[in-house]
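Here is the structure we will look at.
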Amino acid sequence: MISTLKWRVWVTATAFVLATAIGALVGYLVALSSIRQITENQLTRDATRIEGMVDSLLDESHALLAAQNASHYPFCSDAEINYFRSLIYHARNLRDAGRMRDGKMECSALFGRADLSHTEFKPNVTRQDGTKFYRDLPPYVSPTLSIFIMQQGDSYVVEDPSFQERLARINWNSETTMIDTASQKRGRASGLPLSIPDAIIDRDAHERVGDVLYVTHCSLHTAVCTTVYASYSAALRADRSRSMRDAAEGALCGALLVLAFALLRQRSRSMAQQLRRAIRQDKLQLVYQAIVEPGTGKYVGAETLARWTDEEGFAIGPEVFVQMAEERGFVHELTALVARRALREFAATLRSRPDFQLSVNVTAADLGDPGFLPMLEHALNDARVATHSLTIEVTESSTARKQLAKETIRRLRLRGHCVQIDDFGTGYSSLSYLHDLSVDGIKIDKAFTQAIGTKAVIGEILPQILAMAETLDLMVTVEGIETKEQADYFAGLARPVLGQGWLFGHPVPAEVFHRNLAVSP
């Protein structure tokens with residue numbers, strides 16, 4: 001009996017020690033995995049933000065180069081140089097624009113014709129569409145930053161050095177690359193040169209090489225890939241308390257409990273999957289910004305804006321998560337969620353105020369989705385809201401796919417929706433283009449509003465846009481009104497326009513908006 005008891009005590013003690021040791025080990029390993037996952041999530045966010053900024057830079061560059069190549073002025077004449085200056089003055093990410101032939105710079109908006117090097121330069125990268133990229137060509141040389149030049153036809157544009165500084169503030173340890181069509185070698189578009197295998201740089205990847213964690217995210221829109229990296233050991237040192245705590249918890253809970261915890265923690269928590277879960281669980285936040293008459297402040301509508309906080313508690317901007325949903329093929333779920341909930345939250349208001357307009361933003365992918373129009377119809381029927389009460393806003397970049405946009409816009413208008421182009425003035429539309437699309441109105445980008453009262457050249461373009469809208473009989477809504485001076489400018493126009501901006505109110509939840517609406521003029 002005593003021997004048996006001693007044996008049981010020994011087995012129990014041994015099992016306890018083993019379970020504790022295994023639990024502690026598993027807990028420690030879970031901590032390592034967790035720290036790696038957190039680091040990779042942060043790197044993914046950084047890569048996505050950088051990639052989005054690079055996409056914006058390339059889109060702006062393409063648009064400016066198209067405008068340069070459409071110049072009707074004599075090559076490198078004073079008139080053409082002045083024309084280039086008018087283009088570059090309101091560019092957000094570009095410093096200079098000019099002409100280049102056979103690799104030689106002929107003239108530019110900043111340097112005219114006399115102060116340019118006429119050395120024959122060879123491109124670092126040539127894309128399949130003939131676009132050429134150069135780096136650090138005189139006189140565009142910075143002692144601390146690497147500046148890129150982009151050429152199409154006989155025209156070139158130069159990246160603003162501040163763009164690289166904005167990228168560096170997101171993550172200094174990054175590189176954006178593109179593939180040279182002729183050599184099939186990668187070329188650096190921005191950031192630091194990385195000495196790692198191409199397999200990590202030219203595809204979506206999460207890799208660890210030695211002590212370094214790499215995350216690469218590739219854009220389907222511009223075919224460039226952004227890689228960011230961080231030291232794994234540095235991440236461990238920065239969060240040593242996590243590994244100690246998890247090891248202690250594992251020892252207390254035992255091997256089986258820790259194993260279950262490890263399996264749970266290893267579940268994929270990628271940003272896209274988090275967003276999918278948030279959409280399907282209806283966890284996105286919707287806020288609404290008032291659309292008003294600038295002169296009276298009377299509420300005439302509301303724009304629906306989506307907000308998302310990920311599972312780590314980070315607020316992710318709509319410019320990031322909407323693009324990610326579009327690229328990953330589930331943006332229709334996001335749009336459906338926004339439309340249905342917005343109509344539900346504003347159903348009573350829209351039924352009691354027939355002239356009040358609720359606006360919802362849609363993407364290029366929505367315009368091409370065969371389920372988009374039926375979804376809107378079902379959402380309106382469920383909320384018992386008239387079709388004319390829902391305004392559809394499409395971004396100007398979405399209308400670049402002209403034929404697809406034209407047909408969907410036509411069908412939306414036939415159903416009774418008002419269709420507006422959002423962020424107008426960012427690079428695609430012209431008078432003939434707008435006429436062909438047959439939209440009801442435009443929303444002028446806030447960059448033009450902010451130029452009012454300043455000496456910025458972009459402010460001189462605003463009257464031309466307003467005149468163009470009047471010619472086409474388009475409704476005009478102005479974004480970004482933040483001062484009384486700006487509101488007075490638009491209130492004083494002969495043709496009425498609508499406005500929105502912080503002067504009239506920040507985006508707020510539905511219940512706050514309805515309280516504000518009740519006391520509005």
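Just remember, in the structure tokens the first chain shown is A, the second B, etc., residues are 1-based per chain, and ligands are 1-based in the order shown.
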
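Those residues that approach A:Ser520 to within 9 Å, counting only C-alpha atoms, are Gly297, Lys298, Tyr299, Arg515, Asn516 and Leu517 of chain A; same-chain residues fewer than 3 positions away are not listed.
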
Exercise. Can you tell me how far atom CA of A:Gly52 sits from atom CA of A:Gly501, in Å to one decimal?
Worked result: 24.3 Å

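Distances from A:Ile421, A:Val209, A:Val362, A:Leu343 to A:Val331 were compared using only C-alpha atoms, and the smallest one belongs to A:Val362.
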
For this session: Determine which residues of stretch 62-173 of chain A receive a DSSP assignment of alpha helix (DSSP H), computed from the backbone, and state them as a ChimeraX atom specification.
Result: /A:62-69,78-88,161-170

Exercise. Hey, which of A:Asp282, A:Glu479, A:Asp96, A:Asp445 ends up closest to A:Tyr156? Count only C-alpha atoms.
Worked result: A:Asp96
